[in-house]
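**Q** Just passing along the structure, written as structure tokens.
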Amino acid sequence: MDMSQYRDLFVSESKGHIQVFNELIVRLEDNAADAAAVDELFRHAHSLKGMAATMQYQAVADLAHCMEDLLSRVRSGELGFTPAVADILLEGSDVLAAMVAVIEAADSRLPDAADLVKRLAGFNPAESAPSPQPAGGPDTEPGSGDREQAGPTTDHKPHHTDSFRSVRVKTETLDRLVNITGELITTRYRLADRALRCEGAQLEEPLNRLSMLLRELRDEVFQARMLPFSFVADRFPRLVRDLSRKQGKEILFQVEGKEIELDRGTLEEISEPLVHILRNAVDHGMEMPEERLAAGKSGPGTIRIAVSRDKDCVNIVVSDDGRGMDPLRLAARAVEKGLLSREQASALTRHEAFMLICAPGFSTAETVSDISGRGVGMDAVRTAVHGLGGGLVIESEAGRGSRFLLRLPISVSIIHALLVECGPLTVAFPVNAVKRTIELRDGDIFGEREQAFFSLDDRQVPLRSLNRLLGQSSVPDPGALTPAVIIEAGGVVTGLAADRLLGQREIFVKPLGIPLCRIKGVTGGAITGDGRIVYVMDASALL
Amino acid sequence: MSNATVMIVDDALFMRNILGAILREKGYTVVAEAASGIETMKKLHDCTPDIIFLDIILPDANGIELLDSIRKVKPQAKVILCSAIGQEAIVRKGLDLGARFYVQKPFSPEKIAEALESLGE
């Protein structure tokens, strides 16, 4: 029987098992008495063993077998679930992951695990490194050896179990579906545009029906691309655990809203930025235990990720109760680094001062560690968030902790946009990024030095010329109203004066090729129903 | 060749696919697959397979209890247990409870053939 055709399935299922295995270990570290989790760990090791043996990956099967054996000693109560047990199991799952990666790459040389297999087989808690929890301590219930007879465990359903109602689809197929749907929507607008010009053609009814069907199609196609946040978040507990152990920090890590769904592309783009924020939080945000005690904070530090849905957006908040950031110190640092003048620094709002950590070349870490703090990370985080049409807000209080809010659109490629005419150009602002629009009379606009302002809700708001920002000439029509788009970028509300507002439209955004993609502030392009090319703008990068 | 109908119960899609491929090659019709105890019982409402391949370790149920439930609703179905090395005690219990045969993983066409022969297929 030719087994090679099952390799991909083996790889993807194995990865699922290893992922859940890691999560369970971290969970057991919080609660060593969670017997159902031990059962489940055992089952995952067992499944991996069976699959590997079937595929004749003997090294994988042997390693999984030894891990299963060790787990059955824990299950029988012979061993407690001590940090030493967790460590060696995590080591095992790392080697298993490495083996699966080698198999995925169609390489035949699996990593050598003979030493680990030996250590697993001869595991003796007394020999392992001293640990804060005594082996077989009070967490181990007596009589837990009877667990084979235990009833069904309902609260530990693995989330990767496939049901027959689902099929696996290659992501490229989904990308193509989105593309075709986008083109269909563009074509519909073109059709509507033509229909307007031939009177009496009675196209209204079928066009409306077509719109409705297209909306349904778009929603379904997008739904197919959605993945729960857990898809990226499941590896975070392990990451935070490893980082904090390495540094001797005590950190409780929580994720809320794991089930909330985002577009697969967005998740992919946001995964590394989140890792960076978490690394920063562990590395710089969180104090050492003695420092926390001295600051009057009791117990371990907490890092939380909370995901929530808000209309067409998903908010991801990463917060910690660590040492926080001091805006004055950040501003001073920026002056020191030559990024800002003294005057500029003193004029910064609190919010702007926190955003400084996203400036290229800015780092407040007193020492550059191998974990983070090289001053390149937050810059990349901001770029990634803006690239997705989202926003980043940083809040912090010295001594109390920091909070990073990433506001992301649920899906990226088909967006509601406000079209704006600006000289010969038509540009689009994602509606999510527009606070409101306004029309200003000449008398509404007043100037101070070179800068124009207008009043909005009793506040002075700077007014910039979009034409000038885009290098277009503008022919002001005296006496006419000046339309302006009001946006918020980097915490500052700004008005952008344009020639004409064309209204809201659903557009299908496509990435721009080289060299257009290098233009600052332009994130993509789209074609409207009347064949016009529009450029999609990231206002915050423009200013 | 046989025209008997089969149900496969295993939490790993990988295992179900392999076992399914072996069985189809031998002319069997796989009428249902299930990845959990609950799914198994649900699907047995709608079909009556002649043979059931039952993995004894499942996410939500212990194979022996599930075997018992299967025997109650489909007493005529012939159950073949699928196990791994080291689970002989559970297998013996399963055979006492009415399972007809067992196959030790990893699956191979020969082992499956042997199990089916034991049923008189």
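In the structure tokens, chains take the letters A, B, ... in the order shown, each chain's residues start at 1, and ligands count up from 1 in the order shown.
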Using only C-alpha atoms, which residues sit within 12 Å of Gln460 (chain A) once same-chain residues fewer than 6 positions away are excluded, as a ChimeraX atom specification?

**A** /A:444-448,451-454,492-495

**Q** Please return as a ChimeraX atom specification: the residues of region 237-480 of chain A that backbone DSSP assigns to helix (DSSP H, G or I).

**A** /A:237-247,264-285,289-294,327-336,342-347,350-358,377-387,431-433,442-444,466-469

**Q** In terms of the shortest atom-to-atom distance over only C-alpha atoms, which of B:Thr48, B:Gln104, B:Thr5, B:Ser36 is closest to Cys82 (chain B)?

**A**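 Looking only at the distances to Cys82 (chain B), the closest residue turns out to be B:Gln104.
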
**Q** Given only C-alpha atoms as the basis, pick out the residue of B:Asn62, B:Ser108, B:Gln76, B:Thr40 nearest to Gly94 (chain B).

**A** B:Asn62

**Q** Only residues of chain B matter here; which ones have an atom within 10 Å of chain A, counting only C-alpha atoms? Give them as an MDAnalysis selection string.

**A** chainID B and resid 10:15 17:18 21:22 32:37 39 57:62 64:66 83:85 90 104:109

**Q** Okay, now the selection with C-alpha atoms, as a compact mmCIF listing (two decimals), in the first residue's frame?

**A**
# COMPACT_ATOMS: atom_id res chain seq x y z
CA ASP B 10 -11.46 6.62 15.22
CA ASP B 11 -10.68 10.16 16.34
CA ALA B 12 -7.88 10.55 13.79
CA LEU B 13 -9.00 11.39 10.26
CA PHE B 14 -5.67 9.98 9.15
CA MET B 15 -6.51 6.56 10.61
CA ASN B 17 -8.74 7.41 5.75
CA ILE B 18 -6.19 4.62 5.76
CA ALA B 21 -8.88 2.85 1.77
CA ILE B 22 -7.94 -0.70 2.77
CA ALA B 32 -20.35 5.92 8.24
CA GLU B 33 -17.37 7.30 10.06
CA ALA B 34 -17.25 8.86 13.50
CA ALA B 35 -14.59 10.65 15.49
CA SER B 36 -16.14 10.43 18.95
CA GLY B 37 -18.48 8.40 21.10
CA GLU B 39 -20.92 11.02 16.99
CA ILE B 57 -9.34 5.28 22.93
CA LEU B 58 -11.58 8.20 22.01
CA PRO B 59 -11.73 11.81 23.13
CA ASP B 60 -15.07 11.63 24.91
CA ALA B 61 -15.61 8.03 25.78
CA ASN B 62 -13.88 4.92 26.86
CA ILE B 64 -15.45 -0.40 26.44
CA GLU B 65 -18.38 1.73 27.56
CA LEU B 66 -19.01 2.73 23.99
CA SER B 83 -5.97 -1.05 19.81
CA ALA B 84 -2.28 -0.45 20.30
CA ILE B 85 0.38 -2.53 21.95
CA ILE B 90 -8.90 -3.55 27.71
CA GLN B 104 -3.49 -3.96 16.73
CA LYS B 105 -2.30 -0.71 15.17
CA PRO B 106 -0.48 0.09 12.93
CA PHE B 107 -3.01 -1.08 10.36
CA SER B 108 -1.89 -3.14 7.38
CA PRO B 109 -4.01 -4.76 4.68

**Q** For a quick check of understanding, using only C-alpha atoms, which of A:Ala113, A:Val275, A:Ile507, A:Ala64 has the smallest distance to Val536 (chain A)?

**A**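 Checking each of A:Ala113, A:Val275, A:Ile507, A:Ala64 against Val536 (chain A), counting only C-alpha atoms, the winner is A:Ile507.
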
**Q** Leaving out Leu274 (chain A) and any residue of its chain fewer than 6 positions from it, which residues lie within 12 Å of it when counting only C-alpha atoms, given as a list in words?

**A**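 Counting only the stated atoms, we get Phe229, Val232, Ala233, Arg235, Phe236, Leu239, Val240, Thr266, Leu267, Glu268, Asn280, Ala281, Arg304, Ile305, Ile316, Val317, Val318, Ser319, Gly377, Met378, Ala380, Val381, Arg382, Ala384, Val385, Leu392, Phe404, Leu405 and Leu406 of chain A.
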
**Q** Please determine, counting only C-alpha atoms, which residue among B:Val79, B:Val9, B:Lys43, B:Tyr28 has the shortest atom-to-atom distance to Leu95 (chain B).

**A**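 Going through B:Val79, B:Val9, B:Lys43, B:Tyr28 one by one, the smallest distance to Leu95 (chain B) is for B:Val79.
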
**Q** With distances taken over only C-alpha atoms, which of B:Val30, B:Ile56, B:Leu119, B:Ile38 is nearest to Glu88 (chain B)?

**A**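 Of the candidates, the smallest distance to Glu88 (chain B) is held by B:Ile56.
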
**Q** Looking at only C-alpha atoms, which of B:Ile8, B:Gly27, B:Lys72, B:Asp96 is the one that sits closest to Ile51 (chain B)?

**A**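 Closest candidate: B:Ile8.
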
**Q** Report as an MDAnalysis selection string all protein, DNA and RNA residues lying within 12 Å of Glu216 (chain A), evaluated on only C-alpha atoms, omitting residues in the same chain fewer than 6 positions from it.

**A** chainID A and resid 181 185 209:210 222:223

**Q** Using only C-alpha atoms, determine which residues lie at most 7 Å from Lys78 (chain B), disregarding the query and same-chain residues fewer than 4 positions distant; provide the list as a PyMOL selection string.

**A** chain B and resi 50-52+99-100

**Q** Residues near region 518-535 of chain A, anyone? I mean within 9 Å using only C-alpha atoms, not counting same-chain ones fewer than 2 positions away, as a PyMOL selection string.

**A** chain A and resi 185-194+386-389+419+425-429+505-516+537-543

**Q** If you run DSSP on the backbone here, which positions in chain B get strand (DSSP E or B)? Please write them as a PyMOL selection string.

**A** chain B and resi 5-9+29-34+51-55+57+62+78-83+101-104

**Q** Once you have the residues from the selection above, write them out as a compact mmCIF listing (two decimals), in the first residue's frame, restricted to N, CA and C atoms.

**A**
# COMPACT_ATOMS: atom_id res chain seq x y z
N THR B 5 -21.39 -3.76 4.74
CA THR B 5 -21.22 -2.34 5.06
C THR B 5 -20.43 -2.18 6.37
N VAL B 6 -19.65 -1.12 6.39
CA VAL B 6 -18.74 -0.93 7.52
C VAL B 6 -18.87 0.48 8.08
N MET B 7 -18.68 0.59 9.41
CA MET B 7 -18.55 1.91 10.04
C MET B 7 -17.17 1.97 10.69
N ILE B 8 -16.51 3.13 10.59
CA ILE B 8 -15.18 3.29 11.19
C ILE B 8 -15.24 4.33 12.29
N VAL B 9 -14.82 3.96 13.49
CA VAL B 9 -14.79 4.91 14.60
C VAL B 9 -13.35 5.11 15.04
N THR B 29 -18.23 -1.39 1.68
CA THR B 29 -18.77 -0.04 1.57
C THR B 29 -18.72 0.60 2.94
N VAL B 30 -18.01 1.72 3.04
CA VAL B 30 -17.96 2.43 4.32
C VAL B 30 -19.19 3.33 4.38
N VAL B 31 -20.13 2.99 5.26
CA VAL B 31 -21.39 3.75 5.29
C VAL B 31 -21.35 4.89 6.30
N ALA B 32 -20.42 4.84 7.25
CA ALA B 32 -20.35 5.92 8.24
C ALA B 32 -18.98 5.95 8.86
N GLU B 33 -18.59 7.14 9.28
CA GLU B 33 -17.37 7.30 10.06
C GLU B 33 -17.72 8.18 11.24
N ALA B 34 -17.02 8.00 12.35
CA ALA B 34 -17.25 8.86 13.50
C ALA B 34 -15.94 9.09 14.22
N ILE B 51 -20.46 -4.29 10.02
CA ILE B 51 -19.21 -4.39 10.78
C ILE B 51 -18.83 -3.00 11.30
N ILE B 52 -18.34 -2.94 12.55
CA ILE B 52 -17.87 -1.65 13.08
C ILE B 52 -16.43 -1.81 13.55
N PHE B 53 -15.54 -0.99 13.00
CA PHE B 53 -14.16 -0.93 13.51
C PHE B 53 -14.14 0.14 14.60
N LEU B 54 -13.82 -0.24 15.82
CA LEU B 54 -13.93 0.69 16.95
C LEU B 54 -12.58 0.89 17.63
N ASP B 55 -12.10 2.13 17.59
CA ASP B 55 -10.87 2.49 18.30
C ASP B 55 -11.20 2.52 19.79
N ILE B 57 -9.60 4.02 22.22
CA ILE B 57 -9.34 5.28 22.93
C ILE B 57 -9.92 6.42 22.12
N ASN B 62 -14.79 6.04 26.82
CA ASN B 62 -13.88 4.92 26.86
C ASN B 62 -14.48 3.83 25.99
N LYS B 78 -21.14 -6.56 13.94
CA LYS B 78 -19.94 -7.23 14.42
C LYS B 78 -18.87 -6.18 14.69
N VAL B 79 -18.40 -6.13 15.94
CA VAL B 79 -17.44 -5.08 16.31
C VAL B 79 -16.02 -5.63 16.34
N ILE B 80 -15.13 -4.91 15.64
CA ILE B 80 -13.70 -5.24 15.69
C ILE B 80 -13.02 -4.11 16.43
N LEU B 81 -12.31 -4.44 17.52
CA LEU B 81 -11.64 -3.41 18.30
C LEU B 81 -10.31 -3.05 17.63
N CYS B 82 -9.96 -1.77 17.68
CA CYS B 82 -8.66 -1.34 17.20
C CYS B 82 -7.88 -0.84 18.40
N SER B 83 -6.72 -1.39 18.61
CA SER B 83 -5.97 -1.05 19.81
C SER B 83 -4.51 -0.85 19.45
N PHE B 101 -13.39 -9.44 17.41
CA PHE B 101 -11.98 -9.61 17.10
C PHE B 101 -11.27 -8.32 17.41
N TYR B 102 -9.94 -8.30 17.34
CA TYR B 102 -9.27 -7.02 17.50
C TYR B 102 -8.10 -6.93 16.53
N VAL B 103 -7.78 -5.68 16.16
CA VAL B 103 -6.63 -5.42 15.29
C VAL B 103 -5.71 -4.48 16.05
N GLN B 104 -4.43 -4.85 16.07
CA GLN B 104 -3.49 -3.96 16.73
C GLN B 104 -2.91 -2.99 15.70
